[in-house]
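J.: Contents of data.cif (mmCIF, C-alpha atoms):
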data_entry
#
loop_
_atom_site.group_PDB
_atom_site.id
_atom_site.type_symbol
_atom_site.label_atom_id
_atom_site.label_comp_id
_atom_site.auth_asym_id
_atom_site.auth_seq_id
_atom_site.Cartn_x
_atom_site.Cartn_y
_atom_site.Cartn_z
ATOM 1 C CA MET A 20 -0.446 -9.073 12.184
ATOM 2 C CA GLU A 21 -3.135 -11.379 10.816
ATOM 3 C CA PHE A 22 -4.023 -11.985 7.206
ATOM 4 C CA ARG A 23 -6.451 -14.074 5.238
ATOM 5 C CA SER A 24 -6.447 -15.137 1.641
ATOM 6 C CA LEU A 25 -8.333 -12.837 -0.723
ATOM 7 C CA MET A 26 -7.346 -14.001 -4.206
ATOM 8 C CA THR A 27 -4.635 -15.008 -6.601
ATOM 9 C CA LEU A 28 -4.441 -12.623 -9.549
ATOM 10 C CA GLN A 29 -2.581 -13.426 -12.733
ATOM 11 C CA VAL A 30 -2.197 -10.764 -15.415
ATOM 12 C CA THR A 31 -0.767 -10.889 -18.926
ATOM 13 C CA VAL A 32 1.471 -8.019 -19.926
ATOM 14 C CA GLY A 33 1.640 -6.639 -23.473
ATOM 15 C CA GLY A 34 4.511 -4.795 -25.110
ATOM 16 C CA VAL A 35 6.223 -2.555 -22.570
ATOM 17 C CA GLN A 36 6.288 1.144 -23.403
ATOM 18 C CA ARG A 37 9.725 2.429 -22.413
ATOM 19 C CA ILE A 38 9.227 6.122 -21.678
ATOM 20 C CA GLY A 39 12.845 6.459 -20.566
ATOM 21 C CA ALA A 40 14.629 8.817 -18.179
ATOM 22 C CA VAL A 41 12.226 11.198 -16.450
ATOM 23 C CA PRO A 42 12.796 13.517 -13.479
ATOM 24 C CA HIS A 43 12.142 10.800 -10.847
ATOM 25 C CA GLY A 44 13.847 7.836 -12.531
ATOM 26 C CA THR A 45 13.291 5.599 -15.541
ATOM 27 C CA ARG A 46 9.681 5.152 -16.480
ATOM 28 C CA ALA A 47 8.192 2.168 -18.311
ATOM 29 C CA THR A 48 4.522 1.322 -18.717
ATOM 30 C CA ALA A 49 3.347 -2.267 -18.996
ATOM 31 C CA PRO A 50 -0.133 -2.567 -20.537
ATOM 32 C CA ILE A 51 -2.293 -5.326 -19.106
ATOM 33 C CA THR A 52 -4.021 -7.256 -21.877
ATOM 34 C CA SER A 53 -5.903 -9.921 -19.902
ATOM 35 C CA GLY A 54 -5.842 -12.060 -16.788
ATOM 36 C CA HIS A 55 -7.886 -13.853 -14.198
ATOM 37 C CA PHE A 56 -8.372 -13.977 -10.448
ATOM 38 C CA GLU A 57 -9.604 -16.634 -8.092
ATOM 39 C CA GLY A 58 -10.304 -16.689 -4.382
ATOM 40 C CA PRO A 59 -12.781 -18.123 -1.876
ATOM 41 C CA ARG A 60 -15.027 -15.045 -2.131
ATOM 42 C CA LEU A 61 -14.586 -13.877 -5.719
ATOM 43 C CA ARG A 62 -13.342 -15.001 -9.100
ATOM 44 C CA GLY A 63 -13.373 -13.728 -12.658
ATOM 45 C CA LYS A 64 -11.284 -12.135 -15.335
ATOM 46 C CA VAL A 65 -9.179 -9.036 -15.848
ATOM 47 C CA LEU A 66 -10.455 -6.708 -18.553
ATOM 48 C CA PRO A 67 -8.018 -5.371 -21.142
ATOM 49 C CA GLY A 68 -7.037 -1.728 -20.761
ATOM 50 C CA GLY A 69 -5.229 -1.579 -17.441
ATOM 51 C CA GLY A 70 -1.541 -1.111 -16.932
ATOM 52 C CA ASP A 71 1.354 -0.912 -14.552
ATOM 53 C CA TRP A 72 3.081 2.475 -14.612
ATOM 54 C CA THR A 73 6.532 1.580 -13.291
ATOM 55 C CA LEU A 74 9.336 3.865 -12.209
ATOM 56 C CA LEU A 75 12.882 2.637 -11.642
ATOM 57 C CA ARG A 76 14.364 4.824 -8.943
ATOM 58 C CA GLY A 77 17.967 5.870 -8.569
ATOM 59 C CA ASP A 78 18.424 3.412 -5.686
ATOM 60 C CA GLY A 79 17.497 0.455 -7.897
ATOM 61 C CA VAL A 80 14.006 0.003 -6.479
ATOM 62 C CA LEU A 81 11.215 -0.373 -9.018
ATOM 63 C CA GLU A 82 8.043 1.425 -7.954
ATOM 64 C CA LEU A 83 4.832 -0.118 -9.255
ATOM 65 C CA ASP A 84 1.547 1.668 -9.864
ATOM 66 C CA LEU A 85 -0.996 -0.786 -11.217
ATOM 67 C CA ARG A 86 -4.576 -0.092 -12.245
ATOM 68 C CA VAL A 87 -6.854 -2.755 -13.646
ATOM 69 C CA THR A 88 -10.545 -3.501 -13.897
ATOM 70 C CA LEU A 89 -11.694 -6.885 -12.622
ATOM 71 C CA GLU A 90 -14.933 -8.474 -13.782
ATOM 72 C CA THR A 91 -16.370 -11.161 -11.533
ATOM 73 C CA ASP A 92 -17.976 -14.314 -12.909
ATOM 74 C CA ASP A 93 -21.374 -12.832 -11.939
ATOM 75 C CA GLY A 94 -20.802 -9.569 -13.792
ATOM 76 C CA ALA A 95 -19.626 -7.080 -11.157
ATOM 77 C CA LEU A 96 -16.882 -4.606 -12.075
ATOM 78 C CA ILE A 97 -14.158 -3.909 -9.530
ATOM 79 C CA HIS A 98 -11.615 -1.112 -9.848
ATOM 80 C CA MET A 99 -8.264 -2.201 -8.433
ATOM 81 C CA ALA A 100 -5.241 0.027 -7.897
ATOM 82 C CA SER A 101 -2.048 -0.993 -6.189
ATOM 83 C CA PHE A 102 1.229 0.564 -5.266
ATOM 84 C CA GLY A 103 4.207 -1.747 -4.986
ATOM 85 C CA LEU A 104 7.953 -2.192 -4.743
ATOM 86 C CA ARG A 105 10.238 -4.633 -6.501
ATOM 87 C CA HIS A 106 13.971 -5.017 -5.922
ATOM 88 C CA GLY A 107 16.612 -7.667 -5.465
ATOM 89 C CA PRO A 108 20.185 -8.716 -6.143
ATOM 90 C CA PRO A 109 21.450 -7.447 -9.545
ATOM 91 C CA ASP A 110 21.803 -10.938 -11.035
ATOM 92 C CA VAL A 111 18.220 -11.822 -10.070
ATOM 93 C CA ILE A 112 16.805 -8.594 -11.493
ATOM 94 C CA ALA A 113 18.849 -9.155 -14.676
ATOM 95 C CA ALA A 114 17.390 -12.663 -15.018
ATOM 96 C CA LEU A 115 13.866 -11.233 -14.674
ATOM 97 C CA ALA A 116 14.676 -8.636 -17.334
ATOM 98 C CA ARG A 117 15.766 -11.470 -19.661
ATOM 99 C CA GLY A 118 12.337 -13.049 -19.217
ATOM 100 C CA GLU A 119 13.517 -15.966 -17.122
ATOM 101 C CA THR A 120 11.455 -17.596 -14.400
ATOM 102 C CA VAL A 121 13.035 -16.839 -11.029
ATOM 103 C CA ASP A 122 12.239 -18.132 -7.539
ATOM 104 C CA PRO A 123 10.024 -15.332 -6.133
ATOM 105 C CA GLY A 124 11.771 -15.752 -2.798
ATOM 106 C CA ALA A 125 14.969 -14.417 -4.383
ATOM 107 C CA TYR A 126 13.660 -10.849 -4.640
ATOM 108 C CA TYR A 127 11.220 -8.467 -2.914
ATOM 109 C CA PHE A 128 8.006 -7.910 -4.864
ATOM 110 C CA ARG A 129 5.168 -6.654 -2.682
ATOM 111 C CA THR A 130 2.123 -4.535 -3.408
ATOM 112 C CA THR A 131 -0.782 -2.961 -1.507
ATOM 113 C CA PRO A 132 -3.981 -3.352 -3.551
ATOM 114 C CA ARG A 133 -7.041 -1.193 -2.991
ATOM 115 C CA PHE A 134 -10.472 -1.910 -4.395
ATOM 116 C CA GLU A 135 -13.592 0.028 -5.343
ATOM 117 C CA THR A 136 -16.885 -1.452 -6.424
ATOM 118 C CA ALA A 137 -20.517 -0.412 -6.604
ATOM 119 C CA HIS A 138 -21.773 -3.986 -6.362
ATOM 120 C CA PRO A 139 -23.305 -4.767 -2.918
ATOM 121 C CA LYS A 140 -22.087 -8.366 -2.947
ATOM 122 C CA TYR A 141 -18.487 -7.172 -3.163
ATOM 123 C CA ALA A 142 -18.805 -4.005 -1.063
ATOM 124 C CA PHE A 143 -16.587 -5.665 1.572
ATOM 125 C CA LEU A 144 -13.703 -4.878 -0.788
ATOM 126 C CA ASN A 145 -14.329 -1.145 -0.305
ATOM 127 C CA ARG A 146 -13.677 -1.576 3.410
ATOM 128 C CA LEU A 147 -10.433 -3.492 3.603
ATOM 129 C CA VAL A 148 -6.698 -3.043 3.235
ATOM 130 C CA ALA A 149 -4.699 -5.741 1.445
ATOM 131 C CA VAL A 150 -1.105 -6.739 0.726
ATOM 132 C CA SER A 151 0.286 -9.033 -1.920
ATOM 133 C CA THR A 152 3.403 -10.954 -2.800
ATOM 134 C CA GLY A 153 4.307 -10.963 -6.470
ATOM 135 C CA ASP A 154 5.934 -13.540 -8.705
ATOM 136 C CA ARG A 155 7.147 -12.069 -12.015
ATOM 137 C CA ARG A 156 6.685 -14.732 -14.683
ATOM 138 C CA PRO A 157 7.724 -14.197 -18.319
ATOM 139 C CA GLU A 158 4.115 -13.729 -19.467
ATOM 140 C CA GLY A 159 3.181 -11.452 -16.562
ATOM 141 C CA PRO A 160 3.039 -11.279 -12.775
ATOM 142 C CA ILE A 161 1.084 -13.488 -10.387
ATOM 143 C CA TYR A 162 -0.062 -11.760 -7.203
ATOM 144 C CA THR A 163 -1.072 -13.646 -4.082
ATOM 145 C CA ILE A 164 -3.303 -11.139 -2.298
ATOM 146 C CA ASP A 165 -4.205 -11.273 1.382
ATOM 147 C CA GLU A 166 -6.689 -9.146 3.271
ATOM 148 C CA VAL A 167 -5.220 -7.479 6.371
ATOM 149 C CA LEU A 168 -7.472 -8.615 9.240
ATOM 150 C CA MET B 15 1.834 -13.290 4.401
ATOM 151 C CA GLN B 16 4.662 -12.738 6.834
ATOM 152 C CA SER B 17 5.478 -9.579 8.695
ATOM 153 C CA ARG B 18 7.746 -8.407 11.477
ATOM 154 C CA PRO B 19 7.536 -5.497 13.900
ATOM 155 C CA LEU B 20 8.852 -2.178 12.665
ATOM 156 C CA MET B 21 7.654 0.345 15.207
ATOM 157 C CA THR B 22 4.902 1.533 17.473
ATOM 158 C CA LEU B 23 3.935 5.089 16.571
ATOM 159 C CA ARG B 24 2.100 7.345 19.011
ATOM 160 C CA LEU B 25 0.652 10.619 17.740
ATOM 161 C CA SER B 26 -0.632 13.719 19.492
ATOM 162 C CA THR B 27 -3.258 15.669 17.631
ATOM 163 C CA ALA B 28 -4.638 19.198 17.889
ATOM 164 C CA PRO B 29 -8.375 19.933 17.603
ATOM 165 C CA THR B 30 -9.707 18.791 14.252
ATOM 166 C CA GLN B 31 -10.478 21.106 11.375
ATOM 167 C CA ASP B 32 -13.969 20.264 10.113
ATOM 168 C CA PHE B 33 -14.481 21.288 6.497
ATOM 169 C CA GLY B 34 -17.932 19.786 6.091
ATOM 170 C CA ALA B 35 -19.369 18.081 3.043
ATOM 171 C CA GLY B 36 -17.308 18.300 -0.136
ATOM 172 C CA PRO B 37 -17.490 16.491 -3.446
ATOM 173 C CA HIS B 38 -15.879 13.284 -2.118
ATOM 174 C CA GLY B 39 -17.386 13.225 1.354
ATOM 175 C CA THR B 40 -16.886 14.995 4.656
ATOM 176 C CA ARG B 41 -13.345 16.198 5.173
ATOM 177 C CA VAL B 42 -11.823 16.468 8.624
ATOM 178 C CA THR B 43 -8.133 17.099 9.178
ATOM 179 C CA PHE B 44 -6.265 16.047 12.283
ATOM 180 C CA PRO B 45 -3.212 18.279 12.805
ATOM 181 C CA ILE B 46 -0.300 16.375 14.332
ATOM 182 C CA THR B 47 1.436 18.245 17.131
ATOM 183 C CA GLY B 48 3.997 15.599 18.092
ATOM 184 C CA GLY B 49 4.478 12.036 19.152
ATOM 185 C CA SER B 50 7.001 9.257 19.425
ATOM 186 C CA PHE B 51 8.003 6.018 17.742
ATOM 187 C CA THR B 52 9.879 3.035 19.077
ATOM 188 C CA GLY B 53 11.086 -0.166 17.476
ATOM 189 C CA ASP B 54 14.075 -2.503 17.432
ATOM 190 C CA ARG B 55 15.668 -0.670 14.530
ATOM 191 C CA LEU B 56 14.619 2.937 15.043
ATOM 192 C CA ARG B 57 13.180 5.271 17.622
ATOM 193 C CA GLY B 58 12.618 8.963 18.050
ATOM 194 C CA LYS B 59 10.005 11.671 17.970
ATOM 195 C CA VAL B 60 7.354 12.974 15.612
ATOM 196 C CA LEU B 61 7.913 16.588 14.608
ATOM 197 C CA PRO B 62 4.988 18.994 14.803
ATOM 198 C CA GLY B 63 3.475 20.046 11.484
ATOM 199 C CA GLY B 64 2.099 16.842 10.012
ATOM 200 C CA ASP B 65 -1.534 16.133 9.453
ATOM 201 C CA ASP B 66 -4.035 13.418 8.630
ATOM 202 C CA TRP B 67 -6.380 14.597 5.888
ATOM 203 C CA THR B 68 -9.318 12.275 6.487
ATOM 204 C CA MET B 69 -12.410 11.854 4.350
ATOM 205 C CA LYS B 70 -15.638 10.337 5.625
ATOM 206 C CA ARG B 71 -17.206 8.531 2.704
ATOM 207 C CA ALA B 72 -20.885 8.044 2.029
ATOM 208 C CA ASP B 73 -20.585 4.382 3.137
ATOM 209 C CA GLY B 74 -19.375 5.465 6.564
ATOM 210 C CA VAL B 75 -15.723 4.529 6.097
ATOM 211 C CA LEU B 76 -13.122 7.120 7.040
ATOM 212 C CA GLU B 77 -10.275 7.274 4.521
ATOM 213 C CA LEU B 78 -6.930 8.291 5.983
ATOM 214 C CA ASP B 79 -4.171 10.292 4.310
ATOM 215 C CA LEU B 80 -1.386 11.127 6.733
ATOM 216 C CA ARG B 81 1.928 12.893 6.336
ATOM 217 C CA VAL B 82 4.379 13.356 9.164
ATOM 218 C CA THR B 83 8.089 13.848 9.665
ATOM 219 C CA LEU B 84 9.878 11.488 12.029
ATOM 220 C CA GLU B 85 13.179 12.415 13.653
ATOM 221 C CA THR B 86 15.257 9.547 14.949
ATOM 222 C CA ASP B 87 17.172 9.755 18.219
ATOM 223 C CA ASP B 88 20.385 10.047 16.186
ATOM 224 C CA GLY B 89 19.139 12.953 14.100
ATOM 225 C CA ALA B 90 17.862 11.424 10.838
ATOM 226 C CA LEU B 91 14.692 12.797 9.260
ATOM 227 C CA ILE B 92 12.188 10.346 7.807
ATOM 228 C CA HIS B 93 9.246 11.392 5.653
ATOM 229 C CA MET B 94 6.318 9.115 6.419
ATOM 230 C CA THR B 95 2.952 8.911 4.739
ATOM 231 C CA PHE B 96 0.091 6.507 4.998
ATOM 232 C CA GLU B 97 -3.228 5.865 3.421
ATOM 233 C CA GLY B 98 -5.664 3.735 5.305
ATOM 234 C CA ILE B 99 -9.147 2.918 6.418
ATOM 235 C CA ARG B 100 -10.962 3.441 9.675
ATOM 236 C CA ASP B 101 -14.303 1.667 9.826
ATOM 237 C CA ASP B 102 -15.679 2.050 13.316
ATOM 238 C CA GLY B 103 -18.801 0.127 12.305
ATOM 239 C CA ALA B 104 -17.027 -3.013 11.094
ATOM 240 C CA PRO B 105 -18.935 -6.161 12.106
ATOM 241 C CA ALA B 106 -16.508 -7.734 14.562
ATOM 242 C CA ALA B 107 -14.503 -4.789 15.868
ATOM 243 C CA PRO B 108 -13.408 -1.378 14.618
ATOM 244 C CA TYR B 109 -11.175 -1.813 11.558
ATOM 245 C CA PHE B 110 -8.339 0.724 11.556
ATOM 246 C CA ARG B 111 -5.581 -0.290 9.160
ATOM 247 C CA THR B 112 -2.927 1.724 7.366
ATOM 248 C CA LEU B 113 -0.263 1.297 4.677
ATOM 249 C CA PRO B 114 2.727 3.377 5.769
ATOM 250 C CA ARG B 115 5.521 4.356 3.386
ATOM 251 C CA PHE B 116 8.817 5.953 4.198
ATOM 252 C CA GLU B 117 11.459 8.105 2.539
ATOM 253 C CA THR B 118 14.802 8.980 4.022
ATOM 254 C CA ALA B 119 18.207 10.146 2.844
ATOM 255 C CA ALA B 120 19.979 8.662 5.887
ATOM 256 C CA ALA B 121 22.004 5.600 4.866
ATOM 257 C CA LYS B 122 21.383 3.907 8.221
ATOM 258 C CA TYR B 123 17.652 3.967 7.615
ATOM 259 C CA ALA B 124 17.661 3.417 3.837
ATOM 260 C CA PHE B 125 16.028 0.007 4.410
ATOM 261 C CA LEU B 126 12.819 1.985 5.001
ATOM 262 C CA ASN B 127 12.873 3.166 1.370
ATOM 263 C CA ARG B 128 12.699 -0.461 0.228
ATOM 264 C CA LEU B 129 9.842 -1.950 2.228
ATOM 265 C CA LEU B 130 6.088 -1.968 2.410
ATOM 266 C CA ALA B 131 4.351 -1.918 5.765
ATOM 267 C CA VAL B 132 0.971 -2.366 7.412
ATOM 268 C CA GLY B 133 -0.281 -0.642 10.547
ATOM 269 C CA VAL B 134 -2.981 -1.540 13.034
ATOM 270 C CA GLY B 135 -4.385 1.581 14.616
ATOM 271 C CA GLU B 136 -6.186 2.217 17.852
ATOM 272 C CA ILE B 137 -7.691 5.413 19.253
ATOM 273 C CA ARG B 138 -6.637 6.039 22.835
ATOM 274 C CA THR B 139 -7.577 8.934 25.076
ATOM 275 C CA ASP B 140 -4.211 10.600 24.453
ATOM 276 C CA GLY B 141 -4.276 10.068 20.672
ATOM 277 C CA PRO B 142 -3.926 7.375 18.039
ATOM 278 C CA VAL B 143 -1.419 4.531 18.384
ATOM 279 C CA HIS B 144 -0.256 2.593 15.323
ATOM 280 C CA VAL B 145 1.489 -0.764 15.580
ATOM 281 C CA ILE B 146 3.417 -0.964 12.301
ATOM 282 C CA GLU B 147 4.910 -4.096 10.799
ATOM 283 C CA GLU B 148 7.148 -4.567 7.785
ATOM 284 C CA ILE B 149 5.785 -6.874 5.081
ATOM 285 C CA LEU B 150 8.483 -9.540 4.615
#
For the structure just supplied, provide its representation as structure tokens.
T.:
Amino acid sequence: MEFRSLMTLQVTVGGVQRIGAVPHGTRATAPITSGHFEGPRLRGKVLPGGGDWTLLRGDGVLELDLRVTLETDDGALIHMASFGLRHGPPDVIAALARGETVDPGAYYFRTTPRFETAHPKYAFLNRLVAVSTGDRRPEGPIYTIDEVL
Amino acid sequence: MQSRPLMTLRLSTAPTQDFGAGPHGTRVTFPITGGSFTGDRLRGKVLPGGDDWTMKRADGVLELDLRVTLETDDGALIHMTFEGIRDDGAPAAPYFRTLPRFETAAAKYAFLNRLLAVGVGEIRTDGPVHVIEEIL
């Protein structure tokens, strides 16, 4: 499988909304308040208003369902949605929950971003599949996103 | 990004069901009649009854939305879905990529519940073939 770098995306998370126990697990929503992204083909900022609708499953895997709007430095809006999974050894996940910085290699945090845009310059994003590795920092996650070639 | 082989999936399809133009594009479904999958960690057959609910968008890209049931050679059932893109007009070569996900209750295959995967698809005369790798 071949990949090429698309962007690094860093988002800032606001106060988490703990919905609690629901039929499929434990739901918590993390509002995205800001952020930025940078790559060889696009760069810009994350608009406030997105979020990550997370669900902790019974098997300890956290399902991620992120939606954000990206605004490029030349004014294009890009809708991004990604599904993801995060899990790891209990002590590592506990350290993340305490807001500590943990080596991202110590746990599995992967997502599959999809993009939609009406801007011709970025229309290539409508036509690709991508994967990312995540690094959960105290202020919010950093995603290293690669295009699947 | 690092990945490692998970399986090669071969599908047999029945004649397509052409719905025509709807609000999101042109919908065509590909009923799955069977198939097989082989990999280092699992192998077996595809049960009949799945389908790929595809949507041809206005920009020419075919969006994929597949659901099938896999049965391993030792009797476990695995629910598999993927979304994906097939862009036969991509500049260099046809782009046919998928994002498979799995659900199973079988403890031996529970690792599938915890991984993300990427597939590279190819249309052959006897049906589509997907080379699927786990994202490490």
J.: Counting all atoms listed in the file, give me one row per residue of chain B with an atom at most 12 Å from an atom of chain A, showing the shortest contact pair and its distance in Å to one decimal, sorted by chain then residue number, as a Markdown table.
T.:
| residue | atom | partner | partner_atom | distance |
| --- | --- | --- | --- | --- |
| B:Met15 | CA | A:Phe22 | CA | 6.6 |
| B:Gln16 | CA | A:Met20 | CA | 8.3 |
| B:Ser17 | CA | A:Met20 | CA | 6.9 |
| B:Arg18 | CA | A:Met20 | CA | 8.2 |
| B:Pro19 | CA | A:Met20 | CA | 8.9 |
| B:Leu20 | CA | A:Met20 | CA | 11.6 |
| B:Arg71 | CA | A:Asn145 | CA | 10.5 |
| B:Ala72 | CA | A:Asn145 | CA | 11.5 |
| B:Asp73 | CA | A:Asn145 | CA | 9.0 |
| B:Gly74 | CA | A:Arg146 | CA | 9.6 |
| B:Val75 | CA | A:Arg146 | CA | 7.0 |
| B:Leu76 | CA | A:Arg146 | CA | 9.4 |
| B:Glu77 | CA | A:Arg146 | CA | 9.5 |
| B:Leu78 | CA | A:Val148 | CA | 11.7 |
| B:Phe96 | CA | A:Thr131 | CA | 11.5 |
| B:Glu97 | CA | A:Val148 | CA | 9.6 |
| B:Gly98 | CA | A:Val148 | CA | 7.2 |
| B:Ile99 | CA | A:Arg146 | CA | 7.1 |
| B:Arg100 | CA | A:Arg146 | CA | 8.5 |
| B:Asp101 | CA | A:Arg146 | CA | 7.2 |
| B:Asp102 | CA | A:Arg146 | CA | 10.7 |
| B:Gly103 | CA | A:Arg146 | CA | 10.4 |
| B:Ala104 | CA | A:Arg146 | CA | 8.5 |
| B:Pro105 | CA | A:Phe143 | CA | 10.8 |
| B:Ala106 | CA | A:Leu168 | CA | 10.5 |
| B:Ala107 | CA | A:Leu168 | CA | 10.4 |
| B:Pro108 | CA | A:Leu168 | CA | 10.8 |
| B:Tyr109 | CA | A:Leu168 | CA | 8.1 |
| B:Phe110 | CA | A:Leu147 | CA | 9.2 |
| B:Arg111 | CA | A:Val148 | CA | 6.6 |
| B:Thr112 | CA | A:Val148 | CA | 7.3 |
| B:Leu113 | CA | A:Thr131 | CA | 7.5 |
| B:Pro114 | CA | A:Thr131 | CA | 10.3 |
| B:Arg115 | CA | A:Phe102 | CA | 10.4 |
| B:Glu117 | CA | A:Asp78 | CA | 11.8 |
| B:Thr118 | CA | A:Asp78 | CA | 11.8 |
| B:Ala119 | CA | A:Asp78 | CA | 10.9 |
| B:Ala121 | CA | A:Asp78 | CA | 11.4 |
| B:Ala124 | CA | A:Asp78 | CA | 9.6 |
| B:Phe125 | CA | A:Asp78 | CA | 10.9 |
| B:Leu126 | CA | A:Leu104 | CA | 11.7 |
| B:Asn127 | CA | A:Val80 | CA | 8.5 |
| B:Arg128 | CA | A:Val80 | CA | 6.8 |
| B:Leu129 | CA | A:Leu104 | CA | 7.2 |
| B:Leu130 | CA | A:Arg129 | CA | 7.0 |
| B:Ala131 | CA | A:Val150 | CA | 8.9 |
| B:Val132 | CA | A:Val167 | CA | 8.1 |
| B:Gly133 | CA | A:Met20 | CA | 8.6 |
| B:Val134 | CA | A:Met20 | CA | 8.0 |
| B:Gly135 | CA | A:Met20 | CA | 11.6 |
| B:Val145 | CA | A:Met20 | CA | 9.2 |
| B:Ile146 | CA | A:Met20 | CA | 9.0 |
| B:Glu147 | CA | A:Met20 | CA | 7.4 |
| B:Glu148 | CA | A:Met20 | CA | 9.9 |
| B:Ile149 | CA | A:Arg129 | CA | 7.8 |
| B:Leu150 | CA | A:Tyr127 | CA | 8.1 |
J.: Just the selected residues (C-alpha atoms), exported as an mmCIF file, in the frame of the given file, please.
T.:
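As written to disk, again-v7.cif reads:
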data_model
loop_
_atom_site.group_PDB
_atom_site.id
_atom_site.type_symbol
_atom_site.label_atom_id
_atom_site.label_comp_id
_atom_site.auth_asym_id
_atom_site.auth_seq_id
_atom_site.Cartn_x
_atom_site.Cartn_y
_atom_site.Cartn_z
ATOM 1 C CA MET B 15 1.834 -13.290 4.401
ATOM 2 C CA GLN B 16 4.662 -12.738 6.834
ATOM 3 C CA SER B 17 5.478 -9.579 8.695
ATOM 4 C CA ARG B 18 7.746 -8.407 11.477
ATOM 5 C CA PRO B 19 7.536 -5.497 13.900
ATOM 6 C CA LEU B 20 8.852 -2.178 12.665
ATOM 7 C CA ARG B 71 -17.206 8.531 2.704
ATOM 8 C CA ALA B 72 -20.885 8.044 2.029
ATOM 9 C CA ASP B 73 -20.585 4.382 3.137
ATOM 10 C CA GLY B 74 -19.375 5.465 6.564
ATOM 11 C CA VAL B 75 -15.723 4.529 6.097
ATOM 12 C CA LEU B 76 -13.122 7.120 7.040
ATOM 13 C CA GLU B 77 -10.275 7.274 4.521
ATOM 14 C CA LEU B 78 -6.930 8.291 5.983
ATOM 15 C CA PHE B 96 0.091 6.507 4.998
ATOM 16 C CA GLU B 97 -3.228 5.865 3.421
ATOM 17 C CA GLY B 98 -5.664 3.735 5.305
ATOM 18 C CA ILE B 99 -9.147 2.918 6.418
ATOM 19 C CA ARG B 100 -10.962 3.441 9.675
ATOM 20 C CA ASP B 101 -14.303 1.667 9.826
ATOM 21 C CA ASP B 102 -15.679 2.050 13.316
ATOM 22 C CA GLY B 103 -18.801 0.127 12.305
ATOM 23 C CA ALA B 104 -17.027 -3.013 11.094
ATOM 24 C CA PRO B 105 -18.935 -6.161 12.106
ATOM 25 C CA ALA B 106 -16.508 -7.734 14.562
ATOM 26 C CA ALA B 107 -14.503 -4.789 15.868
ATOM 27 C CA PRO B 108 -13.408 -1.378 14.618
ATOM 28 C CA TYR B 109 -11.175 -1.813 11.558
ATOM 29 C CA PHE B 110 -8.339 0.724 11.556
ATOM 30 C CA ARG B 111 -5.581 -0.290 9.160
ATOM 31 C CA THR B 112 -2.927 1.724 7.366
ATOM 32 C CA LEU B 113 -0.263 1.297 4.677
ATOM 33 C CA PRO B 114 2.727 3.377 5.769
ATOM 34 C CA ARG B 115 5.521 4.356 3.386
ATOM 35 C CA GLU B 117 11.459 8.105 2.539
ATOM 36 C CA THR B 118 14.802 8.980 4.022
ATOM 37 C CA ALA B 119 18.207 10.146 2.844
ATOM 38 C CA ALA B 121 22.004 5.600 4.866
ATOM 39 C CA ALA B 124 17.661 3.417 3.837
ATOM 40 C CA PHE B 125 16.028 0.007 4.410
ATOM 41 C CA LEU B 126 12.819 1.985 5.001
ATOM 42 C CA ASN B 127 12.873 3.166 1.370
ATOM 43 C CA ARG B 128 12.699 -0.461 0.228
ATOM 44 C CA LEU B 129 9.842 -1.950 2.228
ATOM 45 C CA LEU B 130 6.088 -1.968 2.410
ATOM 46 C CA ALA B 131 4.351 -1.918 5.765
ATOM 47 C CA VAL B 132 0.971 -2.366 7.412
ATOM 48 C CA GLY B 133 -0.281 -0.642 10.547
ATOM 49 C CA VAL B 134 -2.981 -1.540 13.034
ATOM 50 C CA GLY B 135 -4.385 1.581 14.616
ATOM 51 C CA VAL B 145 1.489 -0.764 15.580
ATOM 52 C CA ILE B 146 3.417 -0.964 12.301
ATOM 53 C CA GLU B 147 4.910 -4.096 10.799
ATOM 54 C CA GLU B 148 7.148 -4.567 7.785
ATOM 55 C CA ILE B 149 5.785 -6.874 5.081
ATOM 56 C CA LEU B 150 8.483 -9.540 4.615
#
J.: Please list as a ChimeraX atom specification every residue within 12 Å of region 83-87 of chain B, counting only C-alpha atoms and excluding residues in the same chain fewer than 3 positions away.
T.: /B:21,23-25,46-53,55-65,80,90-96,115-118,120,122-123
J.: Given only C-alpha atoms as the basis, pick out the residue of A:Pro108, A:Gly58, A:Gly33, A:Gly94 nearest to Pro157 (chain A).
T.: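 Among the listed residues, A:Gly33 lies closest to Pro157 (chain A).
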J.: Compare B:Asp54, B:Val82, B:Gly89, B:Val42 by their minimum atom-to-atom distance to Thr68 (chain B), counting all atoms listed in the file, and give me the closest one.
T.: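 For Thr68 (chain B), the nearest of the given residues is B:Val42.
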J.: Which distance in Å separates CA of Arg46 (chain A) and CA of Val65 (chain A), to one decimal?
T.: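 Distance between the two atoms: 23.6 Å.
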J.: Which is closest to Ser101 (chain A) among A:Asp84, A:Asp122, A:Asp154, A:Asp71, if we use all atoms listed in the file?
T.: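 Under the stated criterion, the closest residue is A:Asp84.
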J.: Tell me, in Å to one decimal, how far CA of His38 (chain B) is from CA of Met69 (chain B).
T.: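 A separation of 7.5 Å between them.
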J.: Could you tell me how far CA of Trp67 (chain B) lies from CA of Asp79 (chain B), in Å and to one decimal?
T.: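 Result for CA of Trp67 (chain B) versus CA of Asp79 (chain B): 5.1 Å, one decimal.
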J.: Please write the residues picked by the PyMOL selection byres ((chain A and resi 159) around 9) on this file as number ranges by chain.
T.: A: 29-33, 51, 154-158, 160-161
J.: Go ahead and save the residues from that selection, with C-alpha atoms, as a compact mmCIF listing (two decimals), keeping the file's coordinate frame.
T.:
# COMPACT_ATOMS: atom_id res chain seq x y z
CA GLN A 29 -2.58 -13.43 -12.73
CA VAL A 30 -2.20 -10.76 -15.42
CA THR A 31 -0.77 -10.89 -18.93
CA VAL A 32 1.47 -8.02 -19.93
CA GLY A 33 1.64 -6.64 -23.47
CA ILE A 51 -2.29 -5.33 -19.11
CA ASP A 154 5.93 -13.54 -8.70
CA ARG A 155 7.15 -12.07 -12.02
CA ARG A 156 6.68 -14.73 -14.68
CA PRO A 157 7.72 -14.20 -18.32
CA GLU A 158 4.12 -13.73 -19.47
CA PRO A 160 3.04 -11.28 -12.78
CA ILE A 161 1.08 -13.49 -10.39
